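Trainee: Input upload_12.cif, format and content: mmCIF, C-alpha atoms and all ligand atoms.
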```cif
data_upload
#
loop_
_atom_site.label_atom_id
_atom_site.label_comp_id
_atom_site.auth_asym_id
_atom_site.auth_seq_id
_atom_site.Cartn_x
_atom_site.Cartn_y
_atom_site.Cartn_z
CA MET A 121 104.74 102.19 98.32
CA LYS A 122 103.29 101.73 94.84
CA ILE A 123 99.80 100.26 94.77
CA ALA A 124 97.73 99.35 91.70
CA ILE A 125 94.02 98.66 92.07
CA SER A 126 92.07 96.44 89.77
CA GLY A 127 88.89 94.38 89.73
CA LYS A 128 85.61 94.08 87.85
CA GLY A 129 83.82 97.28 86.84
CA GLY A 130 81.79 98.77 89.68
CA VAL A 131 83.35 96.75 92.52
CA GLY A 132 84.70 99.89 94.18
CA LYS A 133 88.21 100.44 92.76
CA THR A 134 87.85 104.21 92.64
CA THR A 135 86.20 104.32 96.05
CA ILE A 136 88.96 102.29 97.69
CA SER A 137 91.63 104.23 95.78
CA ALA A 138 90.20 107.45 97.22
CA PHE A 139 90.32 106.10 100.79
CA LEU A 140 93.85 104.79 100.30
CA ILE A 141 95.04 108.10 98.87
CA LYS A 142 93.53 110.02 101.76
CA ALA A 143 94.88 107.54 104.32
CA LEU A 144 98.42 107.86 102.96
CA ASP A 145 98.04 111.64 102.86
CA GLY A 146 96.89 111.58 106.49
CA MET A 147 100.02 109.62 107.40
CA GLY A 148 102.09 112.53 106.07
CA ARG A 149 103.21 110.75 102.92
CA LYS A 150 103.69 112.32 99.51
CA VAL A 151 100.99 110.79 97.33
CA LEU A 152 100.71 110.63 93.59
CA ALA A 153 97.33 109.39 92.40
CA ILE A 154 97.04 108.11 88.84
CA ASP A 155 93.65 107.66 87.25
CA ALA A 156 93.96 105.24 84.36
CA ASP A 157 90.29 104.38 84.07
CA PRO A 158 88.55 104.94 80.70
CA SER A 159 85.90 107.00 82.52
CA PRO A 160 88.00 108.62 85.21
CA HIS A 161 86.30 110.04 88.29
CA LEU A 162 88.93 109.87 90.97
CA ALA A 163 89.16 113.69 90.89
CA ARG A 164 85.47 113.97 91.67
CA VAL A 165 85.40 111.49 94.56
CA LEU A 166 88.50 113.14 96.04
CA GLY A 167 86.80 116.55 95.81
CA PHE A 168 89.21 118.17 93.36
CA GLU A 169 87.98 121.53 92.11
CA ASN A 170 86.69 121.56 88.56
CA ALA A 171 86.90 117.76 88.48
CA SER A 172 84.57 117.48 85.49
CA GLY A 173 86.74 119.92 83.54
CA ILE A 174 89.90 117.80 83.77
CA ARG A 175 90.70 116.21 80.41
CA PRO A 176 92.37 112.81 80.49
CA ILE A 177 95.66 112.75 78.58
CA ALA A 178 94.28 109.79 76.59
CA GLU A 179 91.74 112.16 75.03
CA MET A 180 94.28 114.79 73.96
CA GLN A 181 94.52 113.64 70.37
CA GLU A 182 96.74 116.46 69.16
CA LEU A 183 99.24 116.01 71.96
CA LEU A 184 99.36 112.24 71.44
CA GLN A 185 99.83 112.68 67.71
CA GLU A 186 102.63 115.19 68.25
CA ARG A 187 104.47 113.13 70.89
CA SER A 188 104.17 109.81 69.11
CA GLU A 189 105.42 111.48 65.89
CA ARG A 190 102.98 109.17 64.18
CA ASN A 191 103.47 108.88 60.46
CA GLY A 192 101.42 106.14 58.83
CA PRO A 193 102.33 102.89 60.56
CA PHE A 194 105.46 104.42 62.12
CA TYR A 195 105.70 106.04 65.53
CA LYS A 196 108.22 106.75 68.23
CA LEU A 197 108.74 103.97 70.75
CA ASN A 198 110.25 106.31 73.34
CA PRO A 199 108.21 109.48 73.04
CA LYS A 200 109.02 112.59 75.08
CA VAL A 201 106.77 112.66 78.14
CA ASP A 202 108.95 114.16 80.89
CA ASP A 203 107.33 117.60 80.66
CA LEU A 204 103.74 116.30 80.87
CA PRO A 205 103.43 115.99 84.66
CA GLU A 206 104.30 119.65 85.12
CA LYS A 207 101.73 120.66 82.51
CA PHE A 208 98.85 118.43 83.47
CA MET A 209 99.27 117.42 87.12
CA GLN A 210 96.39 118.42 89.40
CA GLN A 211 97.01 119.22 93.02
CA LYS A 212 94.82 119.37 96.12
CA GLY A 213 96.69 119.97 99.34
CA ASN A 214 99.60 117.54 99.21
CA ILE A 215 97.84 115.10 96.93
CA ARG A 216 98.93 115.15 93.29
CA LEU A 217 96.69 113.62 90.64
CA MET A 218 97.40 112.72 87.05
CA VAL A 219 94.38 111.80 84.94
CA VAL A 220 95.78 109.54 82.24
CA GLY A 221 92.56 107.85 81.06
CA ALA A 222 92.24 104.63 79.09
CA ILE A 223 95.35 102.80 78.01
CA GLN A 224 94.13 100.31 75.47
CA GLN A 225 95.24 96.79 75.03
CA GLY A 226 97.41 95.94 72.05
CA GLY A 227 96.08 93.92 69.15
CA ALA A 228 93.87 94.52 66.16
CA GLY A 229 92.76 98.11 65.72
CA CYS A 230 94.77 99.26 68.71
CA ALA A 231 95.81 102.85 68.99
CA CYS A 232 99.44 101.71 69.30
CA ALA A 233 101.01 105.11 68.72
CA ASP A 234 98.80 106.76 71.37
CA ASN A 235 99.40 103.88 73.74
CA ALA A 236 103.16 104.23 73.37
CA VAL A 237 102.86 107.78 74.74
CA LEU A 238 100.45 106.83 77.53
CA ARG A 239 102.54 103.82 78.58
CA SER A 240 105.72 105.87 78.62
CA LEU A 241 103.98 108.45 80.79
CA LEU A 242 102.63 105.79 83.15
CA ASN A 243 106.03 104.10 83.44
CA MET A 244 107.72 107.40 84.14
CA LEU A 245 105.19 108.27 86.83
CA LEU A 246 105.53 104.84 88.42
CA LEU A 247 109.28 105.28 88.64
CA SER A 248 108.90 108.51 90.58
CA PRO A 249 111.08 108.07 93.68
CA ASP A 250 110.05 109.13 97.21
CA GLU A 251 106.34 109.24 96.37
CA ASP A 252 103.63 106.79 97.28
CA ILE A 253 101.53 105.89 94.27
CA VAL A 254 97.94 104.74 93.98
CA LEU A 255 97.00 103.66 90.46
CA ASP A 256 93.27 103.35 89.81
CA MET A 257 92.86 101.10 86.78
CA GLU A 258 90.24 99.55 84.62
CA ALA A 259 89.33 95.92 85.19
CA GLY A 260 92.33 93.84 84.17
CA VAL A 261 96.08 94.10 84.02
CA GLU A 262 96.43 93.06 80.38
CA HIS A 263 97.16 96.63 79.22
CA LEU A 264 100.15 96.78 81.56
CA GLY A 265 103.40 95.35 80.30
CA ARG A 266 105.84 93.30 82.35
CA GLY A 267 107.98 96.38 82.89
CA THR A 268 105.11 98.37 84.35
CA ILE A 269 103.92 95.50 86.50
CA ALA A 270 107.42 95.05 87.88
CA THR A 271 107.40 98.57 89.36
CA VAL A 272 104.20 97.96 91.32
CA ASP A 273 104.71 96.80 94.92
CA HIS A 274 101.15 95.61 95.49
CA LEU A 275 98.39 94.74 93.07
CA LEU A 276 95.09 94.92 94.94
CA VAL A 277 92.16 93.15 93.35
CA VAL A 278 88.85 94.39 94.71
CA VAL A 279 86.05 91.86 95.06
CA GLN A 280 82.46 91.95 96.25
CA PRO A 281 80.42 89.08 97.61
CA TYR A 282 79.02 88.02 94.26
CA ARG A 283 80.21 85.42 91.81
CA GLY A 284 80.88 87.72 88.81
CA SER A 285 83.36 89.88 90.68
CA LEU A 286 85.14 86.83 92.08
CA GLU A 287 85.42 85.22 88.64
CA THR A 288 86.95 88.40 87.23
CA ALA A 289 89.32 88.55 90.19
CA LYS A 290 90.54 85.02 89.52
CA LYS A 291 91.14 85.87 85.86
CA ILE A 292 93.15 88.91 86.91
CA GLN A 293 95.14 86.74 89.31
CA LYS A 294 95.96 84.33 86.49
CA LEU A 295 97.01 87.18 84.14
CA ALA A 296 99.13 88.78 86.85
CA GLU A 297 100.87 85.46 87.49
CA ASP A 298 101.54 85.09 83.77
CA LEU A 299 103.13 88.55 83.83
CA GLY A 300 105.35 87.43 86.68
CA LEU A 301 103.63 89.40 89.42
CA ASN A 302 103.24 87.55 92.68
CA HIS A 303 102.46 90.34 95.14
CA LEU A 304 98.72 90.28 94.59
CA GLU A 305 96.18 90.74 97.36
CA PHE A 306 92.40 90.64 97.41
CA VAL A 307 90.38 93.39 99.07
CA ALA A 308 86.77 92.66 99.98
CA ASN A 309 84.35 95.53 99.48
CA ASN A 310 80.67 96.17 100.12
CA VAL A 311 80.55 93.38 102.69
CA SER A 312 77.40 93.39 104.81
CA ASP A 313 77.94 90.51 107.20
CA GLU A 314 79.91 87.39 108.10
CA GLU A 315 78.05 85.35 105.48
CA ASP A 316 79.27 87.74 102.73
CA LEU A 317 82.83 87.49 103.97
CA GLN A 318 82.70 83.70 104.22
CA PHE A 319 81.45 83.49 100.64
CA ILE A 320 84.42 85.55 99.45
CA VAL A 321 86.92 83.52 101.47
CA SER A 322 85.52 80.20 100.29
CA GLU A 323 85.54 81.29 96.63
CA LEU A 324 89.05 82.75 96.72
CA GLY A 325 90.51 80.09 98.97
CA ARG A 326 92.25 82.75 101.00
CA GLN A 327 91.61 85.70 103.29
CA PRO A 328 91.38 89.18 101.81
CA VAL A 329 94.04 91.59 103.06
CA ALA A 330 91.31 94.09 104.03
CA VAL A 331 87.55 94.30 104.35
CA PHE A 332 85.47 97.38 103.53
CA TYR A 333 81.90 97.18 104.71
CA ALA A 334 78.83 98.37 102.80
CA SER A 335 78.50 101.95 103.88
CA LYS A 336 75.47 104.23 103.86
CA ASP A 337 77.89 107.14 104.32
CA VAL A 338 79.63 106.28 101.06
CA GLN A 339 76.32 105.89 99.29
CA ARG A 340 75.00 109.23 100.53
CA ALA A 341 78.22 111.09 99.72
CA GLU A 342 78.25 109.64 96.21
CA ARG A 343 74.64 110.68 95.63
CA ALA A 344 75.32 114.20 96.91
CA SER A 345 78.62 114.49 94.97
CA ARG A 346 80.48 115.07 98.23
CA PRO A 347 84.14 113.98 98.57
CA LEU A 348 84.21 110.40 99.81
CA PRO A 349 87.18 110.28 102.19
CA GLU A 350 85.64 112.77 104.63
CA ALA A 351 82.26 111.03 104.47
CA CYS A 352 83.25 107.69 106.01
CA PRO A 353 85.76 107.76 108.88
CA LYS A 354 85.41 103.98 109.30
CA CYS A 355 86.40 103.40 105.67
CA LEU A 356 89.37 105.71 106.10
CA GLU A 357 90.42 103.72 109.14
CA ALA A 358 90.11 100.48 107.16
CA ALA A 359 92.33 102.04 104.46
CA ARG A 360 94.92 103.03 107.04
CA GLU A 361 94.96 99.47 108.39
CA LEU A 362 95.28 98.22 104.83
CA VAL A 363 98.38 100.40 104.29
CA GLU A 364 99.87 99.07 107.53
CA GLY A 365 99.05 95.50 106.52
CA LEU A 366 100.78 95.97 103.17
CA GLU A 367 103.82 97.51 104.83
CA LYS A 368 104.19 94.44 107.02
CA LYS A 369 104.32 92.30 103.89
CA GLU A 370 107.23 94.29 102.43
N1 LIG B 1 81.75 100.04 100.55
C1 LIG B 1 80.82 100.68 99.82
N2 LIG B 1 79.63 101.02 100.40
C2 LIG B 1 78.68 101.64 99.66
N3 LIG B 1 78.80 101.98 98.37
C3 LIG B 1 79.95 101.67 97.74
C4 LIG B 1 81.01 101.00 98.43
N4 LIG B 1 82.03 100.84 97.56
C5 LIG B 1 81.62 101.36 96.38
N5 LIG B 1 80.38 101.86 96.48
C6 LIG B 1 79.59 102.49 95.41
O1 LIG B 1 79.58 101.62 94.28
C7 LIG B 1 79.65 102.35 93.06
C8 LIG B 1 80.84 101.86 92.23
O2 LIG B 1 82.04 102.17 92.92
P1 LIG B 1 83.36 102.64 92.15
O3 LIG B 1 84.38 102.91 93.19
O4 LIG B 1 83.06 103.75 91.20
O5 LIG B 1 83.70 101.31 91.34
P2 LIG B 1 84.79 101.05 90.20
O6 LIG B 1 85.80 102.15 90.27
O7 LIG B 1 85.35 99.70 90.53
O8 LIG B 1 84.04 101.02 88.90
C9 LIG B 1 79.78 103.82 93.45
O9 LIG B 1 78.51 104.41 93.37
C10 LIG B 1 80.26 103.76 94.89
O10 LIG B 1 79.85 104.90 95.62
MG MG B 2 86.44 103.49 88.76
#
```
Please go through the file and, once you have read it, give me the structure as structure tokens.

Mentor:
Amino acid sequence: MKIAISGKGGVGKTTISAFLIKALDGMGRKVLAIDADPSPHLARVLGFENASGIRPIAEMQELLQERSERNGPFYKLNPKVDDLPEKFMQQKGNIRLMVVGAIQQGGAGCACADNAVLRSLLNMLLLSPDEDIVLDMEAGVEHLGRGTIATVDHLLVVVQPYRGSLETAKKIQKLAEDLGLNHLEFVANNVSDEEDLQFIVSELGRQPVAVFYASKDVQRAERASRPLPEACPKCLEAARELVEGLEKKE
């Protein structure tokens, strides 16, 4: 199952990604985690050793220059990336993690040559057979092309019970629809009570596929820099139910 997670900054994408990754791992699945956030910290919340020392591929200027064969305005559209996983993949137990970093949107001033390398890498990773994938992204889906989007089985948009996060979620929904993606689900996070949940449901006009409650355990673990998945068994259970819910939709 290939899951991409998006939503407004700070809504809990990385947190929910971590629980999903651990839940899949606990179900005996082969999991490939991809961190495509501009400030990646999936390694830290998953408790990878030397997490702060992992350099995102997006920051490896020399490598990107070499692979894109950039020369003035010209660059390779199909750069060589097939050896990169072996070189840069992190592993903890059975969980594999690739820290890609920020893939920028096209347009004025875009780092098109670098993006061609990063996109190729992301597309190659997403095509990996017999592995479950959890892709932790930045807010939107605009940096993903149609081809990339088409390989994702479920786009999860994380929301919290406040208007800003719901407005962003609706924008993402619109963009995803424009890209031809119709397997989008909302996940409610940091919900304290029924009133919070009702607000989310009334704003979205539909039920979220999963609900993660506001958790003191998560808060404490984050403050103490402890791995999240072990800190909140209830959250892990919610993630497992989420996986089962998504499977039923397939
Ligand atoms: N359900 C939750 N209960 C308590 N704290 C949470 C919960 N979800 C996320 N957080 C906290 O909110 C902050 C932002 O979460 P994070 O996953 O980094 O968001 P994002 O990846 O969307 O930017 C973190 O400090 C995280 O520990
Ligand atoms: Mg994040």

Trainee: List all protein, DNA and RNA residues that have an atom no more than 8 Å from any atom of ligand MG 2 (chain B), counting all atoms listed in the file, and report them as a PDB file with C-alpha atoms, in the frame of the given file.

Mentor:
```pdb
ATOM      1  CA  GLY A 129      83.820  97.280  86.840  1.00  0.00           C
ATOM      2  CA  GLY A 130      81.790  98.770  89.680  1.00  0.00           C
ATOM      3  CA  GLY A 132      84.700  99.890  94.180  1.00  0.00           C
ATOM      4  CA  LYS A 133      88.210 100.440  92.760  1.00  0.00           C
ATOM      5  CA  THR A 134      87.850 104.210  92.640  1.00  0.00           C
ATOM      6  CA  THR A 135      86.200 104.320  96.050  1.00  0.00           C
ATOM      7  CA  ASP A 157      90.290 104.380  84.070  1.00  0.00           C
ATOM      8  CA  SER A 159      85.900 107.000  82.520  1.00  0.00           C
ATOM      9  CA  PRO A 160      88.000 108.620  85.210  1.00  0.00           C
ATOM     10  CA  HIS A 161      86.300 110.040  88.290  1.00  0.00           C
ATOM     11  CA  LEU A 162      88.930 109.870  90.970  1.00  0.00           C
ATOM     12  CA  ASP A 256      93.270 103.350  89.810  1.00  0.00           C
ATOM     13  CA  MET A 257      92.860 101.100  86.780  1.00  0.00           C
ATOM     14  CA  GLU A 258      90.240  99.550  84.620  1.00  0.00           C
TER      15      GLU A 258
END
```

Trainee: What residues of the protein or nucleic acid chains come within 7 Å of ligand LIG 1 (chain B) when you use only C-alpha atoms and all ligand atoms? Reply as a CSV table (one decimal) with C-alpha atoms, in the frame of the given file.

Mentor:
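The resulting file, out_35.csv, is shown below:
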```csv
chain,number,residue,atom,x,y,z
A,127,GLY,CA,88.9,94.4,89.7
A,128,LYS,CA,85.6,94.1,87.8
A,129,GLY,CA,83.8,97.3,86.8
A,130,GLY,CA,81.8,98.8,89.7
A,131,VAL,CA,83.4,96.8,92.5
A,132,GLY,CA,84.7,99.9,94.2
A,133,LYS,CA,88.2,100.4,92.8
A,134,THR,CA,87.8,104.2,92.6
A,135,THR,CA,86.2,104.3,96.0
A,136,ILE,CA,89.0,102.3,97.7
A,309,ASN,CA,84.4,95.5,99.5
A,310,ASN,CA,80.7,96.2,100.1
A,332,PHE,CA,85.5,97.4,103.5
A,333,TYR,CA,81.9,97.2,104.7
A,334,ALA,CA,78.8,98.4,102.8
A,335,SER,CA,78.5,102.0,103.9
A,336,LYS,CA,75.5,104.2,103.9
A,338,VAL,CA,79.6,106.3,101.1
A,339,GLN,CA,76.3,105.9,99.3
A,342,GLU,CA,78.2,109.6,96.2
```

Trainee: Counting all atoms listed in the file, which residue out of A:Ile123, A:Leu317, A:Leu152, A:Val278 sits closest to Ile292 of chain A?

Mentor: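 Checking each candidate against Ile292 of chain A, we get A:Val278 as the closest.
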
Trainee: Quick one: of A:Ala156, A:Val254, A:Ala138, A:Met209, who's nearest to Gln224 of chain A, counting all atoms listed in the file?

Mentor: A:Ala156

Trainee: Could you please determine the separation between atom CA of Pro328 of chain A and atom CA of Leu304 of chain A in Å, to one decimal place?

Mentor: 10.4 Å

Trainee: Show me, as a PyMOL selection string, the residues that have an atom within 7 Å of Val272 of chain A when counting all atoms listed in the file, minus same-chain residues fewer than 2 positions from it.

Mentor: chain A and resi 122-124+269-270+274-275

Trainee: Counting all atoms listed in the file, which residues come within 10 Å of (87.3, 90.2, 110.5), with the point read in the file's coordinates, and could you list them as a PyMOL selection string?

Mentor: chain A and resi 313-314+317+327-328+330-331

Trainee: For each of A:Asp145, A:Glu370, A:Glu364, A:Asp298, take the minimum atom-to-atom distance to Lys212 of chain A, counting all atoms listed in the file, then give the residue where this is smallest.

Mentor: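 Answer, going by the shortest atom-to-atom distance: A:Asp145.
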
Trainee: I need the residue nearest Lys290 of chain A from this list: A:Val311, A:Ile320, A:Leu348, A:Ala171. Use only C-alpha atoms for the distance.

Mentor: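 Answer, going by the shortest atom-to-atom distance: A:Ile320.
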